[in-house]
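Participant: Pasting a structure here, questions to come.
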Amino acid sequence: MDPKRELTSVDLAALVTELNRYEGAKVDKAYLYGDDLLRLKMRDFDRGRLELLLEVGEIKRAHLAAQEHVPDAPGRPPNFAMMLRNRLNGADFAGVEQYEFDRILTFTFERGDENTKIVVELFGQGNIAVLDETGEVVRSLETVRLKSRTVAPGSQYEYPASRLDPLTVSRDALGRNMEQSDTDVVRTLATQLNLGGLYAEELCTRAGVEKTLDIADATADDYDDIYDAIFDLRQQVRSGEFDPRLYLDDDGEVVDVTPFPLREHQNAGLDEEAYDTFNDALDEYFFRLDLTADEQEATSDRPDFEEQIAKQQRIIDQQEGAIEGFEQQAEDERERAELLYANYDLVDDVLSTVRGAREEGVPWDDIATTLEEGAEQGIPEAEAVTNVDGANGTVTIELDDATVTLDVSMGVEKNADRLYTEAKRIQEKKEGALAAIEDTREELEAVKKRRDEWEADDDEDDEDDEDEEPEETDWLALDSVPVKSTEHWFERFRWFHTSSGYLVVGGRNADQNEELVKKYMSKHDRFFHTQAHGGPVTLLKATGPSEPAQAVDFSDETLREAAQFAVSYSSIWKEGRFADDAYMVEPSQVSKTPESGEYIEKGSFVIRGDREYFEDVAAKVAVGIQCEDETRVIGGPPSAIETRAETTLTLTPGQYAQNDAAKLCYRRLRERFADKSFVRKIASPDQIQEFLPPGGSDIVDE
């Protein structure tokens with residue numbers, strides 16, 4: 001059994017109950033470790049010092065920790081930690097809430113001059129967002145820009161789309177959701193009711209219902225038993241009277257921690273330890289899990305490729321399940337919209353009645369009472385209403401076994417349009433999920449490739465040291481050069497790989513400049529630009545778009561090559577200048593928000609804070625043909641291209657127009673290969689022109 005590395009929704013529901021007992025504690029200081037572990041040091045007048053740990057990386061957790069389990073304070077605090085210290089120093093902890101039944105916690109802190117909320121996302125890639133009193137994002141560890149939601153500084157924080165809360169589901173709703181499934185009981189509970197695998201199995205065991213029972217064969221009695229088990233689970237979570245357990249495997253290693261004993265673990269024969277509070281159990285579990293991970297890392301140099309492959313496959317399985325869910329959700333929304341039109345008169349009567357009552361000043365509670373009395377009298381419009389929500393100005397009606405929530409301020413048509421719009425939004429989420437699953441599949445293939453390369457290296461190490469080294473291939477002399485190419489996401493931008501292997505991308509126009517910053521810039525990248533106006537946005541990428549963010553110590557050579565790229569493809573080339581200055585900043589210093597009264601053109605950005613300058617950088621590029629690994633034309637700073645290409649040409653600002661220079665390069669490169677058709681296939685003048693700066697050029701190689 002693999003150890004748990006993320007808290008479940010049930011865990012968070014129980015955790016919230018315990019953490020709210022510390023309401024009124026004061027915040028002393030905030031610390032950020034790496035890019036995923038936040039520590040809040042607080043003090044409670046009755047209990048003394050408190051240490052709250054919030055982690056959103058490979059491990060996703062939230063709990064109070066014993067002082068001996070808290071890592072030593074890091075060195076110089078990063079900007080994120082300093083911002084939190086400025087906002088939270090002396091603030092009172094006002095409570096924490098779980099967002100619906102999702103793995104999201106919202107911590108509220110109050111201070112006289114400003115209130116702050118910290119939203120901790122313990123799902124997916126994980127994130128921590130700091131909000132002001134209006135709900136606007138002050139700063140977040142990760143910037144999220146999706147069609148479905150945005151989490152970015154300056155924008156209103158958007159929670160993910162609502163999910164069904166199994167702890168509040170009614171018996172009727174339980175039955176309806178179960179019957180929509182075409183699989184067995186346990187998978188339906190895990191997916192349709194958002195319980196996850198472990199608690200879906202636990203509920204089946206508690207209810208005495210066979211896990212593999214097909215939904216088509218489930219009876220009303222089975223649903224009653226499951227509902228009773230859910231009700232008991234809800235009482236356990238909400239009572240706050242927990243009996244926490246830490247579970248261990250046969251080797252004594254921790255594998256799970258729960259707020260109360262689970263029959264599933266008892267039936268599996270796992271050893272268990274009891275704790276007084278769930279926080280204590282969580283603290284001990286994750287402390288031991290960290291120790292286990294450290295020991296494993298110390299005893300194994302070989303990366304655990306199998307675990308990485310299994311992880312990517314699990315993500316793919318989850319993404320495929322999400323896509324199926326999006327399809328069903330979109331279809332449900334469209335069916336609800338169509339039901340409104342099919343029952344137009346009834347829906348219109350309900351909306352007109354409630355709206356008219358509100359215009360006459362009738363309170364919402366009185367409207368609800370009147371509708372209940374009307375339902376008892378058999379009035380169809382009143383019978384259709386199942387809920388009146390005055391706080392949100394909505395009524396919920398039941399039409400052909402489907403429930404539809406209506407905005408009373410709108411008519412039938414606008415309510416239907418709202419449902420169609422929601423269906424379209426969900427469909428767009430599905431499209432985004434389809435793109436994401438392709439990225440994950442690429443990551444899976446990359447892990448497999450790294451595993452194969454590792455094993456191949458091991459095989460080579462085992463060979464006799466006296467074996468001769470293979471001869472290098474003379475690609476220029478080959479009569480037939482095999483073409484090997486792969487499409488990459490960055491190819492529509494300007495790009496090159498540095499001598500040390502890092503990707504650098506630049507915009508070709510204002511639209512691409514905007515796209516690079518908004519979509520592809522990550523927090524550990526570096527942003528380059530020329531001092532002169534008219535240069536491309538240039539990003540030195542620390543990691544790829546689908547890879548987890550990580551800090552990188554770039555070499556001076558790498559930084560200098562990125563600066564030369566920014567200079568060479570800027571307006572100074574077209575002006576015939578041979579050198580210029582470039583500067584580098586952190587992504588956090590790049591903003592689209594101008595100073596008051598100023599205007600920013602499309603593709604331009606405001607840079608705030610100190611800049612690191614690279615002076616008198618030469619405007620010079622090389623183009624060449626790469627034959628190893630992949631066959632393609634490449635271009636960029638000479639020091640980077642010459643190490644990767646079989647043959648190159650170097651260019652500086654000069655007399656030949658871009659199109660003419662590309663043709664000259666093509667002819668000279670073609671002459672150097674015995675296989676003339678090979679150059680024509682992978683390095684046409686048009687393909688070479690993609691790597692030439694705008695303006696005139698001279699070829700300095702002879």
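Ligands are numbered from 1 in the order shown, chains are lettered A, B, ... in the order of the structure tokens, and residues start at 1 in each chain.
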Quick one: pick out all helix (DSSP H, G or I) residues within stretch 70-146 of chain A from a backbone DSSP run and write them as an mmCIF file with C-alpha atoms, in the first residue's frame.

Facilitator:
```cif
data_model
loop_
_atom_site.group_PDB
_atom_site.id
_atom_site.type_symbol
_atom_site.label_atom_id
_atom_site.label_comp_id
_atom_site.auth_asym_id
_atom_site.auth_seq_id
_atom_site.Cartn_x
_atom_site.Cartn_y
_atom_site.Cartn_z
ATOM 1 C CA ASN A 79 9.202 38.318 -1.454
ATOM 2 C CA PHE A 80 6.154 36.100 -0.855
ATOM 3 C CA ALA A 81 7.097 35.607 2.800
ATOM 4 C CA MET A 82 7.903 39.305 3.273
ATOM 5 C CA MET A 83 4.529 40.278 1.832
ATOM 6 C CA LEU A 84 2.788 37.918 4.278
ATOM 7 C CA ARG A 85 4.754 39.282 7.219
ATOM 8 C CA ASN A 86 3.701 42.818 6.321
ATOM 9 C CA ARG A 87 0.033 41.812 6.110
ATOM 10 C CA LEU A 88 -0.197 39.308 8.984
#
```

Participant: Neighbours of A:Leu52 within 6 Å (only C-alpha atoms; same-chain residues fewer than 6 positions away dropped), as JSON, numbers by chain?

Facilitator: {"A": [39, 40, 63, 64]}

Participant: Just to be explicit: take each residue in the selection above, keep N, CA and C atoms, and write the result as a compact mmCIF listing (two decimals), in the first residue's frame.

Facilitator:
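So result.txt came out as:
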```
# COMPACT_ATOMS: atom_id res chain seq x y z
N ARG A 39 4.95 28.27 6.42
CA ARG A 39 4.85 28.10 7.87
C ARG A 39 4.40 29.40 8.49
N LEU A 40 3.36 29.34 9.30
CA LEU A 40 2.88 30.50 10.05
C LEU A 40 3.14 30.26 11.53
N HIS A 63 -1.66 21.36 8.83
CA HIS A 63 -1.84 20.93 10.22
C HIS A 63 -0.93 21.76 11.13
N LEU A 64 -1.21 21.70 12.41
CA LEU A 64 -0.31 22.27 13.40
C LEU A 64 0.79 21.27 13.70
```

Participant: Kindly indicate which residue among A:Pro694, A:Pro244, A:Gly197, A:Gly95 lies nearest to A:Glu264, using only C-alpha atoms for the distances.

Facilitator: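 Distance minimum relative to A:Glu264 lands on A:Gly197.
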
Participant: Enumerate, in order of chain and increasing residue number, the residues of stretch 479-498 of chain A with an atom no farther than 12 Å from stretch 653-673 of chain A, each with its shortest atom pair and distance in Å to one decimal, counting only C-alpha atoms, as CSV.

Facilitator:
```
residue,atom,partner,partner_atom,distance
A:Asp479,CA,A:Phe673,CA,8.5
A:Ser480,CA,A:Phe673,CA,9.7
A:Val481,CA,A:Phe673,CA,9.3
```

Participant: Near stretch 255-261 of chain A, within 8 Å and counting only C-alpha atoms, which residues show up once chain neighbours fewer than 6 positions away are dropped, as a count of residues only?

Facilitator: 18

Participant: Find the residue from A:Trp495, A:Trp489, A:Phe614, A:Tyr599 that sits nearest to A:Ala579; use only C-alpha atoms when measuring.

Facilitator: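 For A:Ala579, the nearest of the candidates is A:Phe614.
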
Participant: Using DSSP on the backbone coordinates, identify all residues within stretch 303-491 of chain A classified as strand (DSSP E); present the result as a PyMOL selection string.

Facilitator: chain A and resi 385-389+394-399+402-407

Participant: I'd like to know which of A:Pro77, A:Pro638, A:Gly240, A:Gly390 is closest to A:Ala368, using only C-alpha atoms.

Facilitator: A:Gly390

Participant: Within 10 Å of stretch 127-140 of chain A, counting only C-alpha atoms, which residues qualify if same-chain residues fewer than 2 places away don't, as an mmCIF file with N, CA, C and O atoms, in the first residue's frame?

Facilitator:
```
data_model
loop_
_atom_site.group_PDB
_atom_site.id
_atom_site.type_symbol
_atom_site.label_atom_id
_atom_site.label_comp_id
_atom_site.auth_asym_id
_atom_site.auth_seq_id
_atom_site.Cartn_x
_atom_site.Cartn_y
_atom_site.Cartn_z
ATOM 1 N N ASP A 35 9.339 26.448 -2.745
ATOM 2 C CA ASP A 35 8.212 27.103 -3.412
ATOM 3 C C ASP A 35 6.891 26.421 -3.096
ATOM 4 O O ASP A 35 5.922 26.598 -3.826
ATOM 5 N N ASP A 36 6.857 25.631 -1.977
ATOM 6 C CA ASP A 36 5.600 24.930 -1.717
ATOM 7 C C ASP A 36 5.262 24.720 -0.246
ATOM 8 O O ASP A 36 4.215 24.160 0.066
ATOM 9 N N LEU A 37 6.114 25.141 0.692
ATOM 10 C CA LEU A 37 5.836 24.926 2.118
ATOM 11 C C LEU A 37 5.794 26.267 2.847
ATOM 12 O O LEU A 37 6.809 26.971 2.918
ATOM 13 N N LEU A 38 4.621 26.606 3.372
ATOM 14 C CA LEU A 38 4.431 27.850 4.117
ATOM 15 C C LEU A 38 4.259 27.524 5.597
ATOM 16 O O LEU A 38 3.510 26.614 5.963
ATOM 17 N N LEU A 54 1.611 24.543 5.962
ATOM 18 C CA LEU A 54 0.755 24.414 4.780
ATOM 19 C C LEU A 54 1.659 24.064 3.605
ATOM 20 O O LEU A 54 2.481 24.872 3.192
ATOM 21 N N GLU A 55 1.508 22.856 3.062
ATOM 22 C CA GLU A 55 2.381 22.389 1.995
ATOM 23 C C GLU A 55 1.546 21.989 0.784
ATOM 24 O O GLU A 55 0.537 21.287 0.911
ATOM 25 N N VAL A 56 1.984 22.438 -0.417
ATOM 26 C CA VAL A 56 1.174 22.236 -1.627
ATOM 27 C C VAL A 56 1.998 21.665 -2.779
ATOM 28 O O VAL A 56 1.660 21.838 -3.945
ATOM 29 N N GLY A 57 3.075 20.960 -2.474
ATOM 30 C CA GLY A 57 3.909 20.366 -3.516
ATOM 31 C C GLY A 57 3.565 18.905 -3.732
ATOM 32 O O GLY A 57 2.408 18.510 -3.822
ATOM 33 N N LYS A 60 0.854 17.246 0.052
ATOM 34 C CA LYS A 60 -0.178 18.281 0.228
ATOM 35 C C LYS A 60 -0.815 18.084 1.592
ATOM 36 O O LYS A 60 -1.530 17.094 1.810
ATOM 37 N N ASN A 79 10.193 37.241 -1.421
ATOM 38 C CA ASN A 79 9.202 38.318 -1.454
ATOM 39 C C ASN A 79 7.833 37.860 -0.968
ATOM 40 O O ASN A 79 7.103 38.620 -0.319
ATOM 41 N N PHE A 80 7.461 36.614 -1.277
ATOM 42 C CA PHE A 80 6.154 36.100 -0.855
ATOM 43 C C PHE A 80 6.054 36.105 0.666
ATOM 44 O O PHE A 80 5.046 36.529 1.240
ATOM 45 N N MET A 83 5.864 39.723 2.023
ATOM 46 C CA MET A 83 4.529 40.278 1.832
ATOM 47 C C MET A 83 3.578 39.771 2.920
ATOM 48 O O MET A 83 2.799 40.538 3.498
ATOM 49 N N LEU A 84 3.654 38.474 3.234
ATOM 50 C CA LEU A 84 2.788 37.918 4.278
ATOM 51 C C LEU A 84 3.119 38.510 5.645
ATOM 52 O O LEU A 84 2.214 38.790 6.445
ATOM 53 N N ARG A 87 1.497 41.839 6.001
ATOM 54 C CA ARG A 87 0.033 41.812 6.110
ATOM 55 C C ARG A 87 -0.460 41.124 7.380
ATOM 56 O O ARG A 87 -1.545 41.441 7.880
ATOM 57 N N ILE A 104 -9.886 22.440 -0.548
ATOM 58 C CA ILE A 104 -9.493 23.838 -0.489
ATOM 59 C C ILE A 104 -9.822 24.378 0.898
ATOM 60 O O ILE A 104 -10.951 24.228 1.378
ATOM 61 N N LEU A 105 -8.838 25.002 1.536
ATOM 62 C CA LEU A 105 -9.044 25.637 2.836
ATOM 63 C C LEU A 105 -8.845 27.145 2.685
ATOM 64 O O LEU A 105 -7.913 27.589 2.013
ATOM 65 N N THR A 106 -9.728 27.909 3.327
ATOM 66 C CA THR A 106 -9.613 29.368 3.320
ATOM 67 C C THR A 106 -9.413 29.848 4.756
ATOM 68 O O THR A 106 -10.320 29.733 5.586
ATOM 69 N N PHE A 107 -8.211 30.346 5.055
ATOM 70 C CA PHE A 107 -7.877 30.860 6.386
ATOM 71 C C PHE A 107 -8.128 32.371 6.390
ATOM 72 O O PHE A 107 -7.712 33.079 5.470
ATOM 73 N N THR A 108 -8.796 32.862 7.433
ATOM 74 C CA THR A 108 -9.101 34.287 7.548
ATOM 75 C C THR A 108 -8.323 34.890 8.714
ATOM 76 O O THR A 108 -8.316 34.332 9.819
ATOM 77 N N PHE A 109 -7.669 36.035 8.454
ATOM 78 C CA PHE A 109 -6.912 36.748 9.478
ATOM 79 C C PHE A 109 -7.392 38.198 9.508
ATOM 80 O O PHE A 109 -7.561 38.826 8.465
ATOM 81 N N GLU A 110 -7.606 38.707 10.705
ATOM 82 C CA GLU A 110 -8.149 40.054 10.862
ATOM 83 C C GLU A 110 -7.156 40.949 11.590
ATOM 84 O O GLU A 110 -6.536 40.551 12.581
ATOM 85 N N GLU A 114 -6.180 46.048 7.873
ATOM 86 C CA GLU A 114 -6.523 45.228 6.712
ATOM 87 C C GLU A 114 -6.746 43.780 7.129
ATOM 88 O O GLU A 114 -6.094 43.268 8.032
ATOM 89 N N ASN A 115 -7.685 43.161 6.458
ATOM 90 C CA ASN A 115 -7.961 41.747 6.666
ATOM 91 C C ASN A 115 -7.379 40.949 5.499
ATOM 92 O O ASN A 115 -7.297 41.442 4.372
ATOM 93 N N THR A 116 -7.003 39.731 5.763
ATOM 94 C CA THR A 116 -6.340 38.899 4.758
ATOM 95 C C THR A 116 -6.911 37.488 4.795
ATOM 96 O O THR A 116 -7.207 36.958 5.869
ATOM 97 N N LYS A 117 -7.061 36.906 3.609
ATOM 98 C CA LYS A 117 -7.434 35.497 3.510
ATOM 99 C C LYS A 117 -6.321 34.754 2.779
ATOM 100 O O LYS A 117 -5.735 35.270 1.823
ATOM 101 N N ILE A 118 -6.039 33.552 3.236
ATOM 102 C CA ILE A 118 -5.077 32.676 2.566
ATOM 103 C C ILE A 118 -5.836 31.448 2.090
ATOM 104 O O ILE A 118 -6.379 30.698 2.898
ATOM 105 N N VAL A 119 -5.899 31.282 0.780
ATOM 106 C CA VAL A 119 -6.582 30.128 0.189
ATOM 107 C C VAL A 119 -5.532 29.083 -0.155
ATOM 108 O O VAL A 119 -4.592 29.359 -0.906
ATOM 109 N N VAL A 120 -5.687 27.897 0.405
ATOM 110 C CA VAL A 120 -4.731 26.807 0.205
ATOM 111 C C VAL A 120 -5.394 25.738 -0.656
ATOM 112 O O VAL A 120 -6.369 25.107 -0.233
ATOM 113 N N GLU A 121 -4.887 25.547 -1.863
ATOM 114 C CA GLU A 121 -5.431 24.553 -2.784
ATOM 115 C C GLU A 121 -4.609 23.270 -2.664
ATOM 116 O O GLU A 121 -3.452 23.225 -3.062
ATOM 117 N N LEU A 122 -5.225 22.239 -2.105
ATOM 118 C CA LEU A 122 -4.540 20.980 -1.842
ATOM 119 C C LEU A 122 -4.938 19.918 -2.859
ATOM 120 O O LEU A 122 -5.161 18.757 -2.514
ATOM 121 N N PHE A 123 -5.044 20.318 -4.119
ATOM 122 C CA PHE A 123 -5.378 19.402 -5.193
ATOM 123 C C PHE A 123 -4.541 19.754 -6.419
ATOM 124 O O PHE A 123 -3.952 20.839 -6.484
ATOM 125 N N GLY A 124 -4.503 18.851 -7.416
ATOM 126 C CA GLY A 124 -3.789 19.143 -8.651
ATOM 127 C C GLY A 124 -2.337 19.522 -8.405
ATOM 128 O O GLY A 124 -1.610 18.848 -7.665
ATOM 129 N N GLN A 125 -1.898 20.620 -9.019
ATOM 130 C CA GLN A 125 -0.535 21.102 -8.844
ATOM 131 C C GLN A 125 -0.332 21.803 -7.512
ATOM 132 O O GLN A 125 0.803 22.032 -7.101
ATOM 133 N N GLU A 142 1.531 30.193 -7.487
ATOM 134 C CA GLU A 142 1.418 29.866 -8.901
ATOM 135 C C GLU A 142 0.355 30.758 -9.543
ATOM 136 O O GLU A 142 -0.678 31.020 -8.925
ATOM 137 N N THR A 143 0.607 31.208 -10.752
ATOM 138 C CA THR A 143 -0.394 31.957 -11.512
ATOM 139 C C THR A 143 -1.178 30.986 -12.383
ATOM 140 O O THR A 143 -0.596 30.190 -13.108
ATOM 141 N N VAL A 144 -2.500 31.040 -12.281
ATOM 142 C CA VAL A 144 -3.370 30.128 -13.029
ATOM 143 C C VAL A 144 -4.227 30.962 -13.977
ATOM 144 O O VAL A 144 -4.944 31.863 -13.539
ATOM 145 N N THR A 150 -9.336 31.936 -13.023
ATOM 146 C CA THR A 150 -8.082 32.681 -13.016
ATOM 147 C C THR A 150 -7.636 32.898 -11.577
ATOM 148 O O THR A 150 -8.442 33.258 -10.716
ATOM 149 N N VAL A 151 -6.361 32.643 -11.312
ATOM 150 C CA VAL A 151 -5.755 32.983 -10.024
ATOM 151 C C VAL A 151 -4.476 33.745 -10.351
ATOM 152 O O VAL A 151 -3.454 33.147 -10.688
ATOM 153 N N ALA A 152 -4.556 35.062 -10.278
ATOM 154 C CA ALA A 152 -3.421 35.905 -10.650
ATOM 155 C C ALA A 152 -3.506 37.215 -9.876
ATOM 156 O O ALA A 152 -4.603 37.701 -9.588
ATOM 157 N N PRO A 153 -2.364 37.787 -9.508
ATOM 158 C CA PRO A 153 -2.376 39.064 -8.796
ATOM 159 C C PRO A 153 -3.195 40.111 -9.530
ATOM 160 O O PRO A 153 -3.095 40.263 -10.751
ATOM 161 N N GLY A 154 -4.047 40.812 -8.771
ATOM 162 C CA GLY A 154 -4.873 41.861 -9.348
ATOM 163 C C GLY A 154 -6.242 41.399 -9.802
ATOM 164 O O GLY A 154 -7.100 42.231 -10.111
ATOM 165 N N SER A 155 -6.479 40.089 -9.831
ATOM 166 C CA SER A 155 -7.781 39.568 -10.258
ATOM 167 C C SER A 155 -8.554 39.052 -9.051
ATOM 168 O O SER A 155 -7.972 38.743 -8.008
ATOM 169 N N GLN A 156 -9.871 38.966 -9.191
ATOM 170 C CA GLN A 156 -10.692 38.368 -8.146
ATOM 171 C C GLN A 156 -10.423 36.865 -8.101
ATOM 172 O O GLN A 156 -10.383 36.202 -9.136
ATOM 173 N N TYR A 157 -10.215 36.337 -6.901
ATOM 174 C CA TYR A 157 -9.966 34.901 -6.782
ATOM 175 C C TYR A 157 -11.213 34.128 -7.194
ATOM 176 O O TYR A 157 -12.327 34.462 -6.806
ATOM 177 N N GLU A 158 -11.024 33.096 -8.007
ATOM 178 C CA GLU A 158 -12.126 32.269 -8.475
ATOM 179 C C GLU A 158 -11.936 30.842 -7.974
ATOM 180 O O GLU A 158 -10.923 30.212 -8.273
ATOM 181 N N SER A 588 8.392 38.000 -11.264
ATOM 182 C CA SER A 588 7.544 38.770 -10.353
ATOM 183 C C SER A 588 7.663 40.274 -10.567
ATOM 184 O O SER A 588 6.815 41.042 -10.097
#
```

Participant: Please list as an NGL selection string every residue within 7 Å of stretch 328-339 of chain A, counting only C-alpha atoms and excluding residues in the same chain fewer than 6 positions away.

Facilitator: :A and (399 or 404 or 416 or 419-420 or 422-423 or 426-427)

Participant: If you keep C-alpha atoms, can you produce a file of those selected residues as a PDB file, in the first residue's frame?

Facilitator:
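Result file follows (again.pdb):
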```pdb
ATOM      1  CA  LEU A 399     -38.835  19.106 -13.600  1.00  0.00           C
ATOM      2  CA  VAL A 404     -33.028  23.414 -11.806  1.00  0.00           C
ATOM      3  CA  ALA A 416     -32.084  28.972 -20.007  1.00  0.00           C
ATOM      4  CA  LEU A 419     -27.593  27.123 -18.389  1.00  0.00           C
ATOM      5  CA  TYR A 420     -26.508  26.923 -22.031  1.00  0.00           C
ATOM      6  CA  GLU A 422     -22.611  27.020 -18.302  1.00  0.00           C
ATOM      7  CA  ALA A 423     -22.741  23.985 -20.597  1.00  0.00           C
ATOM      8  CA  ILE A 426     -17.906  23.083 -19.094  1.00  0.00           C
ATOM      9  CA  GLN A 427     -17.323  22.014 -22.696  1.00  0.00           C
TER      10      GLN A 427
END
```

Participant: Give me the residues within 7 Å of stretch 681-683 of chain A as a PDB file with all heavy atoms, in the first residue's frame, counting only C-alpha atoms and dropping any in the same chain fewer than 3 places off.

Facilitator:
```pdb
ATOM      1  N   ARG A 632      17.284  19.122 -38.070  1.00  0.00           N
ATOM      2  CA  ARG A 632      16.545  20.371 -38.258  1.00  0.00           C
ATOM      3  C   ARG A 632      17.518  21.528 -38.416  1.00  0.00           C
ATOM      4  O   ARG A 632      18.704  21.415 -38.068  1.00  0.00           O
ATOM      5  CB  ARG A 632      15.623  20.645 -37.068  1.00  0.00           C
ATOM      6  CG  ARG A 632      16.373  20.786 -35.750  1.00  0.00           C
ATOM      7  CD  ARG A 632      15.457  21.326 -34.647  1.00  0.00           C
ATOM      8  NE  ARG A 632      14.454  20.363 -34.271  1.00  0.00           N
ATOM      9  CZ  ARG A 632      13.143  20.564 -34.453  1.00  0.00           C
ATOM     10  NH1 ARG A 632      12.727  21.682 -35.016  1.00  0.00           N
ATOM     11  NH2 ARG A 632      12.266  19.671 -34.055  1.00  0.00           N
ATOM     12  N   VAL A 633      16.996  22.647 -38.928  1.00  0.00           N
ATOM     13  CA  VAL A 633      17.773  23.875 -38.936  1.00  0.00           C
ATOM     14  C   VAL A 633      17.586  24.525 -37.572  1.00  0.00           C
ATOM     15  O   VAL A 633      16.494  24.506 -36.993  1.00  0.00           O
ATOM     16  CB  VAL A 633      17.324  24.822 -40.070  1.00  0.00           C
ATOM     17  CG1 VAL A 633      15.858  25.170 -39.961  1.00  0.00           C
ATOM     18  CG2 VAL A 633      18.166  26.098 -40.076  1.00  0.00           C
ATOM     19  N   TYR A 666      21.083  28.982 -47.410  1.00  0.00           N
ATOM     20  CA  TYR A 666      20.628  27.687 -47.910  1.00  0.00           C
ATOM     21  C   TYR A 666      21.636  27.118 -48.908  1.00  0.00           C
ATOM     22  O   TYR A 666      22.032  25.940 -48.826  1.00  0.00           O
ATOM     23  CB  TYR A 666      19.252  27.826 -48.557  1.00  0.00           C
ATOM     24  CG  TYR A 666      18.820  26.610 -49.341  1.00  0.00           C
ATOM     25  CD1 TYR A 666      18.446  25.438 -48.697  1.00  0.00           C
ATOM     26  CD2 TYR A 666      18.817  26.644 -50.740  1.00  0.00           C
ATOM     27  CE1 TYR A 666      18.076  24.316 -49.421  1.00  0.00           C
ATOM     28  CE2 TYR A 666      18.445  25.530 -51.478  1.00  0.00           C
ATOM     29  CZ  TYR A 666      18.070  24.363 -50.814  1.00  0.00           C
ATOM     30  OH  TYR A 666      17.701  23.258 -51.532  1.00  0.00           O
ATOM     31  N   SER A 677      19.669  16.383 -51.103  1.00  0.00           N
ATOM     32  CA  SER A 677      18.227  16.336 -50.865  1.00  0.00           C
ATOM     33  C   SER A 677      17.902  16.476 -49.382  1.00  0.00           C
ATOM     34  O   SER A 677      16.841  16.974 -49.012  1.00  0.00           O
ATOM     35  CB  SER A 677      17.647  15.022 -51.394  1.00  0.00           C
ATOM     36  OG  SER A 677      18.180  13.910 -50.686  1.00  0.00           O
ATOM     37  N   PHE A 678      18.821  16.049 -48.519  1.00  0.00           N
ATOM     38  CA  PHE A 678      18.603  16.153 -47.075  1.00  0.00           C
ATOM     39  C   PHE A 678      18.441  17.613 -46.653  1.00  0.00           C
ATOM     40  O   PHE A 678      17.521  17.967 -45.908  1.00  0.00           O
ATOM     41  CB  PHE A 678      19.779  15.513 -46.335  1.00  0.00           C
ATOM     42  CG  PHE A 678      19.859  15.866 -44.872  1.00  0.00           C
ATOM     43  CD1 PHE A 678      18.906  15.413 -43.971  1.00  0.00           C
ATOM     44  CD2 PHE A 678      20.890  16.677 -44.397  1.00  0.00           C
ATOM     45  CE1 PHE A 678      18.987  15.747 -42.630  1.00  0.00           C
ATOM     46  CE2 PHE A 678      20.973  17.011 -43.065  1.00  0.00           C
ATOM     47  CZ  PHE A 678      20.015  16.549 -42.175  1.00  0.00           C
ATOM     48  N   GLN A 687      12.564  27.947 -44.052  1.00  0.00           N
ATOM     49  CA  GLN A 687      12.854  27.462 -42.698  1.00  0.00           C
ATOM     50  C   GLN A 687      14.051  28.190 -42.105  1.00  0.00           C
ATOM     51  O   GLN A 687      14.080  28.489 -40.908  1.00  0.00           O
ATOM     52  CB  GLN A 687      13.094  25.951 -42.743  1.00  0.00           C
ATOM     53  CG  GLN A 687      11.838  25.145 -43.047  1.00  0.00           C
ATOM     54  CD  GLN A 687      12.137  23.693 -43.354  1.00  0.00           C
ATOM     55  OE1 GLN A 687      12.958  23.391 -44.229  1.00  0.00           O
ATOM     56  NE2 GLN A 687      11.485  22.783 -42.654  1.00  0.00           N
ATOM     57  N   ILE A 688      15.052  28.477 -42.918  1.00  0.00           N
ATOM     58  CA  ILE A 688      16.214  29.222 -42.428  1.00  0.00           C
ATOM     59  C   ILE A 688      15.820  30.644 -42.054  1.00  0.00           C
ATOM     60  O   ILE A 688      16.280  31.194 -41.036  1.00  0.00           O
ATOM     61  CB  ILE A 688      17.329  29.229 -43.499  1.00  0.00           C
ATOM     62  CG1 ILE A 688      17.882  27.813 -43.680  1.00  0.00           C
ATOM     63  CG2 ILE A 688      18.430  30.214 -43.133  1.00  0.00           C
ATOM     64  CD1 ILE A 688      18.866  27.674 -44.815  1.00  0.00           C
TER      65      ILE A 688
END
```

Participant: Quick one, how far is atom CA of A:Ser500 from atom CA of A:Gln550?

Facilitator: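 According to the coordinates, atom CA of A:Ser500 and atom CA of A:Gln550 are separated by 16.6 Å.
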
Participant: Quick one: residues within 12 Å of A:Thr473, only C-alpha atoms, excluding same-chain residues fewer than 5 positions away - as a list in words?

Facilitator: Leu478, Val481, Cys627, Glu628 and Glu646 of chain A

Participant: Report, in Å with one decimal, the straight-line distance from atom CA of A:His524 to atom CA of A:Phe490.

Facilitator: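 Distance between the two atoms: 18.0 Å.
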
Participant: Rank A:Ala382, A:Met42, A:Ala200, A:Val254 by their smallest atom-to-atom distance to A:Gln67, using only C-alpha atoms, and report the top residue only.

Facilitator: A:Met42

Participant: If I take atom CA of A:Glu557 and atom CA of A:Tyr520, how far is one from the other in Å, to one decimal?

Facilitator: 23.0 Å
